>>> print(open('my_file-v5.cif').read())   # mmCIF, C-alpha atoms and all ligand atoms
data_data
#
loop_
_atom_site.label_atom_id
_atom_site.label_comp_id
_atom_site.auth_asym_id
_atom_site.auth_seq_id
_atom_site.Cartn_x
_atom_site.Cartn_y
_atom_site.Cartn_z
CA MET A 18 -16.96 -10.73 6.66
CA VAL A 19 -14.37 -7.94 6.70
CA LEU A 20 -11.03 -8.84 5.09
CA GLN A 21 -8.26 -8.81 7.65
CA ALA A 22 -4.69 -9.22 6.45
CA ILE A 23 -3.13 -8.60 9.87
CA ARG A 24 -4.42 -10.31 13.04
CA TYR A 25 -2.80 -9.05 16.18
CA ALA A 26 -3.33 -9.55 19.90
CA PRO A 27 -0.56 -9.08 22.48
CA GLY A 28 1.77 -12.09 22.09
CA SER A 29 0.31 -13.19 18.75
CA LEU A 30 0.59 -11.97 15.16
CA GLN A 31 -0.82 -13.67 12.09
CA ILE A 32 -0.64 -12.46 8.50
CA LEU A 33 -2.75 -13.56 5.59
CA ASN A 34 -0.26 -15.19 3.23
CA GLN A 35 -0.75 -13.13 0.05
CA LEU A 36 1.23 -15.57 -2.08
CA LYS A 37 -1.62 -18.05 -1.64
CA LEU A 38 -4.36 -15.60 -2.64
CA PRO A 39 -6.80 -15.50 -4.33
CA HIS A 40 -7.28 -19.25 -4.17
CA GLN A 41 -6.39 -20.05 -0.58
CA GLU A 42 -6.83 -18.01 2.59
CA GLU A 43 -4.05 -19.12 4.89
CA TYR A 44 -2.64 -17.24 7.88
CA ASP A 45 1.06 -17.46 8.80
CA GLU A 46 2.21 -17.11 12.40
CA ILE A 47 4.84 -14.38 12.90
CA LYS A 48 6.75 -14.83 16.16
CA THR A 49 9.87 -12.69 15.77
CA ALA A 50 11.29 -9.70 13.93
CA GLU A 51 13.16 -12.20 11.74
CA ASP A 52 9.85 -13.85 10.79
CA GLY A 53 8.50 -10.38 9.99
CA TRP A 54 11.54 -9.52 7.84
CA HIS A 55 11.11 -12.72 5.79
CA ALA A 56 7.35 -12.29 5.41
CA ILE A 57 7.99 -8.81 3.96
CA LYS A 58 10.93 -9.81 1.75
CA ASP A 59 9.03 -12.86 0.37
CA MET A 60 5.93 -10.66 -0.29
CA ARG A 61 3.69 -12.82 1.93
CA THR A 62 2.70 -9.43 3.28
CA ARG A 63 3.04 -6.35 1.07
CA GLY A 64 1.78 -2.83 0.45
CA ALA A 65 3.48 0.18 2.03
CA PRO A 66 1.36 0.60 5.19
CA ALA A 67 1.00 -3.15 5.83
CA ILE A 68 4.76 -3.68 5.58
CA ALA A 69 5.38 -1.05 8.26
CA ILE A 70 2.72 -2.40 10.60
CA VAL A 71 3.73 -6.05 10.25
CA ALA A 72 7.38 -5.12 10.88
CA ALA A 73 6.49 -3.11 14.00
CA LEU A 74 4.16 -5.80 15.36
CA SER A 75 6.55 -8.68 14.63
CA LEU A 76 9.02 -7.05 16.98
CA ALA A 77 6.24 -6.34 19.52
CA VAL A 78 5.41 -10.06 19.62
CA GLU A 79 9.07 -11.01 19.98
CA ILE A 80 9.38 -8.59 22.91
CA GLN A 81 6.18 -9.89 24.53
CA THR A 82 7.34 -13.50 24.36
CA THR A 83 11.04 -13.07 25.27
CA ALA A 84 12.64 -12.47 28.66
CA LEU A 85 14.45 -9.16 28.21
CA SER A 86 16.87 -7.30 30.46
CA PRO A 87 15.39 -5.27 33.35
CA ASN A 88 17.64 -2.41 32.20
CA ALA A 89 15.84 0.27 30.16
CA GLU A 90 18.86 1.26 28.05
CA GLU A 91 19.62 -2.34 27.13
CA VAL A 92 16.03 -2.96 26.04
CA ALA A 93 16.03 0.26 24.00
CA ALA A 94 19.29 -0.79 22.28
CA PHE A 95 17.81 -4.24 21.53
CA ILE A 96 14.66 -2.69 20.00
CA ILE A 97 16.54 -0.11 17.93
CA GLU A 98 18.88 -2.76 16.51
CA LYS A 99 15.90 -4.91 15.47
CA LEU A 100 14.13 -1.91 13.92
CA ASN A 101 17.21 -1.08 11.86
CA TYR A 102 17.28 -4.68 10.67
CA LEU A 103 13.57 -4.66 9.75
CA VAL A 104 14.03 -1.51 7.64
CA THR A 105 16.41 -3.46 5.34
CA SER A 106 13.63 -5.80 4.17
CA ARG A 107 12.34 -3.58 1.33
CA PRO A 108 13.74 -0.18 0.37
CA THR A 109 11.17 1.81 -1.63
CA ALA A 110 8.13 2.19 0.62
CA VAL A 111 8.87 4.89 3.18
CA ASN A 112 6.23 3.84 5.74
CA LEU A 113 8.53 1.25 7.27
CA ALA A 114 11.42 3.69 7.74
CA ASP A 115 8.95 6.28 9.06
CA ALA A 116 7.50 3.78 11.58
CA ALA A 117 11.00 2.73 12.69
CA ARG A 118 12.00 6.37 13.21
CA LYS A 119 8.88 7.11 15.29
CA LEU A 120 9.23 3.93 17.36
CA THR A 121 12.92 4.63 17.97
CA LYS A 122 11.96 8.04 19.35
CA VAL A 123 9.39 6.42 21.68
CA VAL A 124 11.86 3.96 23.18
CA GLU A 125 14.65 6.54 23.47
CA LEU A 126 12.31 8.85 25.36
CA VAL A 127 11.14 6.19 27.81
CA ALA A 128 14.66 4.80 28.32
CA ARG A 129 16.07 8.22 29.23
CA PRO A 130 14.96 8.64 32.90
CA ALA A 131 17.22 6.41 35.02
CA SER A 132 14.23 5.35 37.12
CA ASN A 133 12.47 3.68 34.16
CA SER A 134 12.70 -0.09 33.77
CA GLY A 135 13.23 -2.33 30.74
CA ALA A 136 9.60 -3.41 31.10
CA ALA A 137 8.46 0.22 30.76
CA VAL A 138 10.41 0.57 27.50
CA SER A 139 8.95 -2.69 26.16
CA LYS A 140 5.43 -1.62 27.06
CA ALA A 141 5.81 1.81 25.44
CA TYR A 142 7.12 0.18 22.27
CA CYS A 143 4.33 -2.43 22.07
CA ASP A 144 1.60 0.15 22.78
CA ALA A 145 2.93 2.46 20.06
CA ALA A 146 3.19 -0.40 17.54
CA ALA A 147 -0.38 -1.55 18.29
CA GLN A 148 -1.62 2.02 17.88
CA MET A 149 -0.23 2.09 14.32
CA LEU A 150 -2.63 -0.70 13.40
CA ILE A 151 -5.58 1.26 14.77
CA ASP A 152 -4.54 4.61 13.28
CA ASP A 153 -4.02 3.21 9.79
CA VAL A 154 -7.64 2.05 9.47
CA ALA A 155 -8.94 5.45 10.64
CA ASP A 156 -6.58 7.23 8.19
CA ASN A 157 -7.78 5.09 5.31
CA GLN A 158 -11.41 5.86 6.06
CA GLY A 159 -10.53 9.57 5.90
CA ILE A 160 -8.69 9.06 2.59
CA GLY A 161 -11.70 7.16 1.24
CA LYS A 162 -14.14 9.90 2.18
CA TYR A 163 -12.08 12.86 0.90
CA GLY A 164 -11.07 11.06 -2.28
CA ALA A 165 -14.63 10.01 -3.14
CA GLU A 166 -15.94 13.55 -2.55
CA TRP A 167 -13.19 15.04 -4.74
CA ILE A 168 -13.84 12.66 -7.63
CA VAL A 169 -17.59 13.23 -7.54
CA LYS A 170 -17.06 17.01 -7.41
CA HIS A 171 -14.72 16.92 -10.43
CA SER A 172 -16.78 14.52 -12.56
CA GLN A 173 -19.47 15.34 -15.08
CA GLY A 174 -22.41 14.23 -12.96
CA GLY A 175 -23.98 10.81 -12.44
CA LYS A 176 -22.14 7.79 -11.14
CA VAL A 177 -18.40 7.59 -11.77
CA SER A 178 -16.09 4.90 -13.11
CA VAL A 179 -12.50 4.77 -11.96
CA VAL A 180 -9.35 2.81 -12.77
CA THR A 181 -6.95 1.57 -10.12
CA HIS A 182 -3.58 -0.16 -10.21
CA CYS A 183 -1.81 -2.68 -7.99
CA ASN A 184 -3.42 -3.56 -4.65
CA THR A 185 -4.05 -0.81 -2.14
CA GLY A 186 -6.88 -2.36 -0.17
CA SER A 187 -7.37 -4.17 3.11
CA LEU A 188 -4.57 -6.52 2.07
CA ALA A 189 -2.02 -3.73 1.68
CA THR A 190 -2.97 -1.80 4.80
CA ALA A 191 -4.40 -2.40 8.27
CA GLY A 192 -7.84 -2.34 6.66
CA TYR A 193 -10.16 -0.49 4.22
CA GLY A 194 -7.31 0.64 1.97
CA THR A 195 -6.08 3.84 0.34
CA ALA A 196 -6.95 4.00 -3.38
CA LEU A 197 -9.20 1.01 -2.88
CA GLY A 198 -10.60 2.83 0.17
CA VAL A 199 -11.66 5.63 -2.20
CA ILE A 200 -13.40 3.04 -4.37
CA ARG A 201 -15.04 1.48 -1.28
CA SER A 202 -16.24 4.92 -0.23
CA LEU A 203 -17.61 5.71 -3.72
CA HIS A 204 -19.45 2.39 -3.64
CA ALA A 205 -20.78 2.93 -0.11
CA THR A 206 -22.21 6.32 -1.09
CA ASN A 207 -23.79 4.87 -4.23
CA ALA A 208 -21.57 7.04 -6.44
CA LEU A 209 -19.62 4.25 -8.14
CA LYS A 210 -20.63 2.92 -11.51
CA ARG A 211 -17.65 0.59 -12.00
CA ALA A 212 -14.08 0.09 -10.86
CA PHE A 213 -11.52 -1.18 -13.36
CA CYS A 214 -8.47 -2.87 -11.90
CA THR A 215 -5.34 -3.54 -13.89
CA GLU A 216 -3.74 -6.93 -13.75
CA THR A 217 -0.50 -5.22 -12.56
CA ARG A 218 2.24 -7.24 -14.20
CA PRO A 219 4.56 -8.81 -13.35
CA TYR A 220 3.38 -9.78 -9.85
CA ASN A 221 -0.35 -9.49 -10.57
CA GLN A 222 -1.36 -7.70 -7.37
CA GLY A 223 -4.35 -6.39 -9.36
CA SER A 224 -5.72 -9.65 -10.74
CA ARG A 225 -4.90 -11.71 -7.63
CA LEU A 226 -5.51 -9.27 -4.76
CA THR A 227 -7.53 -6.23 -5.87
CA ALA A 228 -9.88 -8.40 -7.91
CA PHE A 229 -10.23 -10.68 -4.87
CA GLU A 230 -11.17 -7.73 -2.63
CA LEU A 231 -13.61 -6.30 -5.19
CA VAL A 232 -15.37 -9.64 -5.60
CA HIS A 233 -15.33 -10.17 -1.82
CA ASP A 234 -17.06 -6.81 -1.24
CA ASN A 235 -19.49 -7.13 -4.18
CA ILE A 236 -18.19 -3.95 -5.81
CA PRO A 237 -19.02 -3.70 -9.55
CA ALA A 238 -15.63 -4.22 -11.15
CA THR A 239 -13.82 -5.31 -14.30
CA LEU A 240 -10.31 -6.64 -14.70
CA ILE A 241 -8.13 -5.31 -17.55
CA THR A 242 -4.54 -6.02 -18.52
CA ASP A 243 -2.12 -3.13 -18.01
CA SER A 244 -1.91 -2.68 -21.79
CA MET A 245 -5.68 -2.01 -22.09
CA ALA A 246 -5.73 1.17 -20.01
CA SER A 247 -5.29 3.65 -22.88
CA ALA A 248 -7.97 1.96 -24.98
CA LEU A 249 -10.32 2.17 -21.99
CA LEU A 250 -9.57 5.86 -21.36
CA ARG A 251 -10.26 6.66 -24.99
CA LEU A 252 -13.92 5.62 -24.62
CA LYS A 253 -15.89 8.81 -24.11
CA GLY A 254 -19.53 7.70 -24.26
CA PRO A 255 -21.58 8.73 -21.20
CA SER A 256 -21.84 5.12 -20.06
CA GLU A 257 -18.14 4.39 -20.63
CA ARG A 258 -16.33 7.52 -19.49
CA ILE A 259 -13.59 7.10 -16.87
CA SER A 260 -13.60 9.94 -14.33
CA ALA A 261 -10.32 9.25 -12.62
CA ILE A 262 -7.38 6.95 -12.13
CA VAL A 263 -6.63 6.52 -8.45
CA VAL A 264 -3.51 4.75 -7.24
CA GLY A 265 -1.65 4.25 -3.98
CA ALA A 266 1.92 5.23 -3.18
CA ASP A 267 5.04 3.78 -1.67
CA ARG A 268 6.74 7.13 -1.20
CA VAL A 269 5.64 10.65 -2.02
CA ALA A 270 8.60 13.04 -2.23
CA ALA A 271 8.39 16.63 -0.94
CA ASN A 272 7.61 17.95 -4.45
CA GLY A 273 4.82 15.39 -5.00
CA ASP A 274 6.78 13.00 -7.25
CA THR A 275 5.39 9.59 -6.35
CA ALA A 276 6.96 6.15 -6.31
CA ASN A 277 4.37 3.44 -6.75
CA LYS A 278 3.98 0.04 -8.36
CA ILE A 279 5.62 -0.29 -11.78
CA GLY A 280 3.13 0.78 -14.43
CA THR A 281 1.79 3.74 -12.48
CA TYR A 282 3.85 6.23 -14.51
CA GLN A 283 2.47 5.07 -17.85
CA LEU A 284 -1.08 5.30 -16.43
CA ALA A 285 -0.42 8.92 -15.42
CA ILE A 286 0.85 9.73 -18.92
CA THR A 287 -2.21 8.21 -20.57
CA ALA A 288 -4.50 9.97 -18.09
CA LYS A 289 -2.96 13.34 -19.00
CA TYR A 290 -3.30 12.61 -22.74
CA HIS A 291 -6.96 11.64 -22.36
CA GLY A 292 -7.92 14.44 -19.94
CA VAL A 293 -8.68 12.02 -17.11
CA LYS A 294 -7.92 13.04 -13.50
CA PHE A 295 -4.96 11.25 -11.94
CA LEU A 296 -4.94 10.93 -8.15
CA VAL A 297 -2.55 9.47 -5.61
CA ALA A 298 -4.13 8.20 -2.36
CA ALA A 299 -1.74 7.86 0.56
CA PRO A 300 -1.66 8.35 4.32
CA ARG A 301 0.75 10.98 5.57
CA THR A 302 3.07 8.19 6.72
CA THR A 303 3.84 7.72 2.99
CA ILE A 304 4.83 11.37 2.48
CA ASP A 305 8.57 11.84 2.84
CA LEU A 306 9.50 15.51 3.14
CA GLY A 307 13.12 14.40 3.61
CA THR A 308 13.22 13.21 -0.01
CA LYS A 309 13.26 16.28 -2.26
CA SER A 310 12.15 14.66 -5.50
CA GLY A 311 11.59 11.33 -7.19
CA ALA A 312 15.20 11.30 -8.40
CA ASP A 313 16.26 10.54 -4.81
CA ILE A 314 14.01 7.49 -4.37
CA VAL A 315 15.69 4.08 -4.39
CA ILE A 316 13.74 1.69 -6.62
CA GLU A 317 13.74 -1.94 -5.55
CA GLU A 318 14.62 -4.46 -8.24
CA ARG A 319 13.14 -7.92 -7.80
CA PRO A 320 14.21 -11.34 -9.10
CA GLY A 321 13.67 -11.95 -12.82
CA LYS A 322 11.74 -15.16 -12.14
CA GLU A 323 8.83 -13.03 -10.90
CA MET A 324 8.41 -12.05 -14.55
CA THR A 325 9.33 -15.28 -16.29
CA MET A 326 7.42 -17.73 -14.06
CA ILE A 327 3.86 -17.81 -12.85
CA LYS A 328 2.33 -19.84 -10.04
CA GLY A 329 -1.23 -21.00 -9.52
CA PRO A 330 -3.49 -24.00 -9.12
CA ARG A 331 -3.94 -26.41 -12.04
CA PHE A 332 -7.07 -25.90 -14.19
CA ASP A 333 -8.37 -29.14 -15.65
CA GLY A 334 -10.71 -27.44 -18.11
CA VAL A 335 -13.64 -27.45 -15.67
CA ASP A 336 -12.36 -26.87 -12.14
CA LEU A 337 -9.34 -25.55 -10.33
CA ASP A 338 -7.41 -28.15 -8.39
CA LEU A 339 -6.62 -26.21 -5.24
CA SER A 340 -4.71 -29.07 -3.66
CA GLN A 341 -1.49 -28.16 -5.41
CA ALA A 342 -0.02 -25.07 -6.96
CA GLU A 343 2.14 -25.35 -10.03
CA THR A 344 4.82 -23.00 -11.29
CA ILE A 345 5.04 -22.63 -15.04
CA SER A 346 7.48 -20.78 -17.27
CA ILE A 347 6.03 -18.05 -19.52
CA ALA A 348 9.18 -16.65 -21.13
CA ALA A 349 12.02 -17.89 -23.31
CA GLN A 350 14.71 -19.58 -21.25
CA GLY A 351 17.90 -17.55 -21.02
CA ILE A 352 16.42 -14.10 -21.75
CA ASP A 353 17.77 -11.21 -19.65
CA VAL A 354 15.15 -9.60 -17.43
CA TRP A 355 14.80 -6.10 -15.92
CA ASN A 356 12.29 -6.13 -13.08
CA PRO A 357 11.99 -2.82 -11.21
CA ALA A 358 9.15 -3.18 -8.69
CA PHE A 359 8.24 0.52 -8.75
CA ASP A 360 8.41 3.62 -10.92
CA VAL A 361 8.23 7.33 -10.19
CA THR A 362 5.38 9.47 -11.50
CA PRO A 363 6.39 13.13 -11.80
CA ALA A 364 4.25 15.57 -9.83
CA GLU A 365 3.31 17.40 -13.02
CA LEU A 366 1.16 14.42 -14.03
CA ILE A 367 -0.68 14.25 -10.68
CA ASP A 368 -3.89 16.25 -10.09
CA GLY A 369 -4.23 15.62 -6.37
CA ILE A 370 -2.74 13.76 -3.43
CA ILE A 371 -5.49 12.36 -1.23
CA THR A 372 -4.54 12.17 2.44
CA GLU A 373 -6.48 11.50 5.62
CA VAL A 374 -6.76 15.27 6.18
CA GLY A 375 -7.91 16.28 2.72
CA VAL A 376 -6.83 16.38 -0.91
CA VAL A 377 -3.68 18.38 -1.63
CA GLU A 378 -3.82 20.21 -4.96
CA LYS A 379 -1.14 22.27 -6.67
CA ASP A 380 -0.88 26.01 -6.09
CA ALA A 381 -1.15 28.65 -8.83
CA ASN A 382 2.46 27.88 -9.84
CA GLY A 383 1.68 24.21 -10.33
CA VAL A 384 3.54 23.19 -7.16
CA PHE A 385 2.39 20.84 -4.38
CA ASP A 386 2.95 22.16 -0.86
CA LEU A 387 2.75 19.03 1.26
CA THR A 388 3.96 20.72 4.44
CA LEU A 389 0.46 22.03 5.13
CA ALA A 390 -1.00 18.53 5.06
CA MET A 391 1.82 17.19 7.23
CA GLU A 392 1.18 19.82 9.88
CA ALA A 393 -2.62 19.65 9.77
CA HIS A 394 -4.84 18.05 12.37
CA SER A 395 -7.60 16.03 10.78
CA GLU A 396 -10.36 18.10 12.32
CA SER A 397 -8.91 21.43 11.21
CA ILE A 398 -9.02 20.69 7.49
CA LYS A 399 -12.09 20.93 5.36
CA PRO A 400 -12.78 18.18 2.83
CA THR A 401 -11.28 18.36 -0.65
CA THR A 402 -8.52 20.94 -0.89
CA VAL A 403 -5.72 21.62 1.52
CA GLY A 404 -3.10 22.74 -0.99
CA GLY A 405 -3.71 25.59 -3.40
CA LEU A 406 -5.88 27.55 -1.00
C1 LIG B 501 -1.67 1.12 0.11
S1 LIG B 501 -0.46 0.29 -0.71
C2 LIG B 501 0.32 1.40 -1.83
C3 LIG B 501 1.44 0.77 -2.54
O1 LIG B 501 2.28 0.15 -1.60
C4 LIG B 501 0.97 -0.23 -3.59
O2 LIG B 501 0.26 0.38 -4.59
C5 LIG B 501 2.17 -0.92 -4.12
O3 LIG B 501 2.83 -0.42 -4.98
C6 LIG B 501 2.54 -2.17 -3.44
O4 LIG B 501 3.66 -2.81 -3.99
P1 LIG B 501 4.09 -4.24 -3.42
O5 LIG B 501 5.35 -4.52 -4.20
O6 LIG B 501 2.98 -5.19 -3.72
O7 LIG B 501 4.36 -4.06 -1.95
#
>>> encode(input="my_file-v5.cif", output="structure tokens")
Amino acid sequence: MVLQAIRYAPGSLQILNQLKLPHQEEYDEIKTAEDGWHAIKDMRTRGAPAIAIVAALSLAVEIQTTALSPNAEEVAAFIIEKLNYLVTSRPTAVNLADAARKLTKVVELVARPASNSGAAVSKAYCDAAAQMLIDDVADNQGIGKYGAEWIVKHSQGGKVSVVTHCNTGSLATAGYGTALGVIRSLHATNALKRAFCTETRPYNQGSRLTAFELVHDNIPATLITDSMASALLRLKGPSERISAIVVGADRVAANGDTANKIGTYQLAITAKYHGVKFLVAAPRTTIDLGTKSGADIVIEERPGKEMTMIKGPRFDGVDLDLSQAETISIAAQGIDVWNPAFDVTPAELIDGIITEVGVVEKDANGVFDLTLAMEAHSESIKPTTVGGL
């Protein structure tokens, strides 16, 4: 069965509650934009593309189940106000702001002719939001294909092993995934020896969510703690060699600097030191040409208790008791905590940015030109390289 984190039909939206994973698969009903905002803020849904889609669809469901004004301008104002509110839920991932900007344009355009009704504005909004869900899956399949081809081309022959960080799979997107989509594609083409997923402290998206997806899809995989990555990359035997680290992104700045889950930066440094390729996999909705460099990206800080407490079912030495989750403290009481949710990896440490239209590489001056990828139509770009041509 295919993992589905977002279930949508007109008038109904359900999200797989990611706080309950990997032990319980429970869907939460989202009826309004406010429900969507809280689901994102509480991390019941997470991952840059999924956040944007859940936000857009939460408002679609509210519109579909509420009696709105017959006046087009009033409906447009209502939608734009809700979109601005949704954008405040989490600051670092750009996909949500990008979706809100595109949807605002749609409603403004439809509201403009005086002859158009409020219902026409609502319909245009809901159609555009639903399309985002469809497009994201198709984009991820493209990312998976181009990324897998690039890694195989740049490896030393035979099957490849890769490392990934955080969760970038079906749970973080509309389906298939970005970096995890590349791993799925490597596996589907029989090119994958093994995927290693980091635990991804402090929130454990790797051990809870990526590991869950890898087990679910029967992909050969091993869990490591974040602190084991360098030791793993040092292994150079033919059966142990890591070909690439592939991660997702929450925002890629115009120069290629990439904000992603905390811990990504140190992986990029160790990849460079060990001569291992380091790749960012992201749909173009994650590329933000309006942000010049990583220095301009706002990094979300999360509550300290996400680091000092851990939640899960009780283990009695034999079985897990799934009937109740317990929260336990794993740090000294009273210690100060710094908990940035993301870090920025400088472009100089990144070998390629995998998009749904191809892999962008640096030019002869070591610079990423992401404008080419942003302007490209999927069909017009050949696999592997769009930058550096
Ligand atoms: C395709 S998801 C890419 C990123 O959003 C992902 O790697 C990540 O950092 C998610 O962070 P999260 O805080 O769990 O939303």
>>> closest_residue(input="my_file-v5.cif", among="A:Leu76, A:Ala348, A:Ile327, A:Ala145", to="Lys122 of chain A", atoms="all atoms listed in the file")
A:Ala145
>>> closest_residue(input="my_file-v5.cif", among="A:Pro39, A:Pro320, A:Pro130, A:Gly186", to="Ala298 of chain A", atoms="only C-alpha atoms")
A:Gly186
>>> residues_near_ligand(input="my_file-v5.cif", ligand="ligand LIG 501 (chain B)", cutoff="9 Å", atoms="all atoms listed in the file", output="compact mmCIF listing (two decimals) with C-alpha atoms, keeping the file's coordinate frame")
# COMPACT_ATOMS: atom_id res chain seq x y z
CA ILE A 57 7.99 -8.81 3.96
CA MET A 60 5.93 -10.66 -0.29
CA THR A 62 2.70 -9.43 3.28
CA ARG A 63 3.04 -6.35 1.07
CA GLY A 64 1.78 -2.83 0.45
CA ALA A 65 3.48 0.18 2.03
CA PRO A 66 1.36 0.60 5.19
CA ALA A 67 1.00 -3.15 5.83
CA ILE A 68 4.76 -3.68 5.58
CA ARG A 107 12.34 -3.58 1.33
CA THR A 109 11.17 1.81 -1.63
CA ALA A 110 8.13 2.19 0.62
CA ASN A 157 -7.78 5.09 5.31
CA HIS A 182 -3.58 -0.16 -10.21
CA CYS A 183 -1.81 -2.68 -7.99
CA ASN A 184 -3.42 -3.56 -4.65
CA THR A 185 -4.05 -0.81 -2.14
CA GLY A 186 -6.88 -2.36 -0.17
CA SER A 187 -7.37 -4.17 3.11
CA LEU A 188 -4.57 -6.52 2.07
CA ALA A 189 -2.02 -3.73 1.68
CA THR A 190 -2.97 -1.80 4.80
CA GLY A 194 -7.31 0.64 1.97
CA THR A 195 -6.08 3.84 0.34
CA ALA A 196 -6.95 4.00 -3.38
CA LEU A 197 -9.20 1.01 -2.88
CA TYR A 220 3.38 -9.78 -9.85
CA ASN A 221 -0.35 -9.49 -10.57
CA GLN A 222 -1.36 -7.70 -7.37
CA VAL A 264 -3.51 4.75 -7.24
CA GLY A 265 -1.65 4.25 -3.98
CA ALA A 266 1.92 5.23 -3.18
CA ASP A 267 5.04 3.78 -1.67
CA ARG A 268 6.74 7.13 -1.20
CA ALA A 276 6.96 6.15 -6.31
CA ASN A 277 4.37 3.44 -6.75
CA LYS A 278 3.98 0.04 -8.36
CA ILE A 279 5.62 -0.29 -11.78
CA THR A 281 1.79 3.74 -12.48
CA ALA A 298 -4.13 8.20 -2.36
CA ALA A 299 -1.74 7.86 0.56
CA PRO A 300 -1.66 8.35 4.32
CA THR A 303 3.84 7.72 2.99
CA GLU A 317 13.74 -1.94 -5.55
CA ALA A 358 9.15 -3.18 -8.69
CA PHE A 359 8.24 0.52 -8.75
>>> closest_atom_pairs(input="my_file-v5.cif", of="segment 269-382 of chain A", to="segment 236-250 of chain A", cutoff="8 Å", atoms="all atoms listed in the file", output="tab-separated table")
residue	atom	partner	partner_atom	distance
A:Gly280	CA	A:Asp243	CA	7.5
A:Leu284	CA	A:Ala246	CA	7.2
A:Thr287	CA	A:Ser247	CA	6.0
A:Ala288	CA	A:Leu250	CA	7.3
A:His291	CA	A:Leu250	CA	6.4
A:Val293	CA	A:Leu250	CA	7.5
>>> atom_distance(input="my_file-v5.cif", atom1="atom CA of Ile32 of chain A", atom2="atom CA of Ala77 of chain A")
14.4 Å
>>> atom_distance(input="my_file-v5.cif", atom1="atom CA of Thr105 of chain A", atom2="atom CA of Ile371 of chain A")
27.8 Å
>>> closest_residue(input="my_file-v5.cif", among="A:Asn112, A:Ser75, A:Thr344, A:Ser106", to="Asp59 of chain A", atoms="only C-alpha atoms")
A:Ser106
>>> atom_distance(input="my_file-v5.cif", atom1="atom CA of Lys176 of chain A", atom2="atom CA of Gly254 of chain A")
13.4 Å
>>> residues_around(input="my_file-v5.cif", residues="Leu209 of chain A", least_positions_apart="2", cutoff="9 Å", atoms="all atoms listed in the file", output="number ranges by chain")
A: 175-179, 200-207, 211-212, 236-237
>>> axis_aligned_box(input="my_file-v5.cif", around="segment 127-130 of chain A", padding_each_side="4 Å", output="lines of an AutoDock Vina configuration file")
center_x = 13.6
center_y = 6.7
center_z = 30.4
size_x = 12.9
size_y = 11.8
size_z = 13.1
>>> residues_around(input="my_file-v5.cif", residues="Asp115 of chain A", least_positions_apart="4", cutoff="7 Å", atoms="all atoms listed in the file", output="tab-separated table (two decimals) with C-alpha atoms, keeping the file's coordinate frame")
chain	number	residue	atom	x	y	z
A	111	VAL	CA	8.87	4.89	3.18
A	119	LYS	CA	8.88	7.11	15.29
A	302	THR	CA	3.07	8.19	6.72
>>> residues_around(input="my_file-v5.cif", residues="Asp353 of chain A", least_positions_apart="4", cutoff="12 Å", atoms="only C-alpha atoms", output="JSON, numbers by chain")
{"A": [320, 321, 322, 324, 325, 348, 349]}
>>> closest_residue(input="my_file-v5.cif", among="A:Tyr25, A:Phe95, A:Tyr163, A:Phe332", to="Leu74 of chain A", atoms="all atoms listed in the file")
A:Tyr25
>>> residues_around(input="my_file-v5.cif", residues="segment 384-390 of chain A", least_positions_apart="3", cutoff="8 Å", atoms="only C-alpha atoms", output="JSON, numbers by chain")
{"A": [271, 272, 273, 301, 306, 364, 372, 374, 375, 377, 378, 379, 380, 381, 393, 403, 404, 405]}
>>> closest_residue(input="my_file-v5.cif", among="A:Arg218, A:His55, A:Arg258, A:Lys289", to="Gln173 of chain A", atoms="only C-alpha atoms")
A:Arg258
>>> closest_residue(input="my_file-v5.cif", among="A:Ile70, A:Phe229, A:Val169, A:Val354", to="Asp152 of chain A", atoms="all atoms listed in the file")
A:Ile70
>>> decode(input="my_file-v5.cif", residues="segment 372-390 of chain A", atoms="C-alpha atoms", output="JSON list (two decimals), in the first residue's frame")
[["chain", "number", "residue", "atom", "x", "y", "z"],
["A", 372, "THR", "CA", 15.07, 19.45, -9.53],
["A", 373, "GLU", "CA", 12.16, 18.02, -11.49],
["A", 374, "VAL", "CA", 13.73, 19.37, -14.71],
["A", 375, "GLY", "CA", 17.26, 18.09, -14.20],
["A", 376, "VAL", "CA", 20.30, 18.43, -11.96],
["A", 377, "VAL", "CA", 21.78, 21.92, -11.72],
["A", 378, "GLU", "CA", 25.57, 21.90, -11.45],
["A", 379, "LYS", "CA", 27.96, 24.81, -10.96],
["A", 380, "ASP", "CA", 29.45, 26.62, -13.93],
["A", 381, "ALA", "CA", 33.19, 26.92, -14.62],
["A", 382, "ASN", "CA", 33.41, 29.67, -11.97],
["A", 383, "GLY", "CA", 31.90, 27.42, -9.33],
["A", 384, "VAL", "CA", 28.56, 29.29, -9.37],
["A", 385, "PHE", "CA", 25.04, 27.84, -9.53],
["A", 386, "ASP", "CA", 22.75, 29.52, -12.06],
["A", 387, "LEU", "CA", 19.30, 28.50, -10.89],
["A", 388, "THR", "CA", 17.45, 30.85, -13.24],
["A", 389, "LEU", "CA", 17.80, 28.34, -16.09],
["A", 390, "ALA", "CA", 16.07, 25.63, -14.07]]
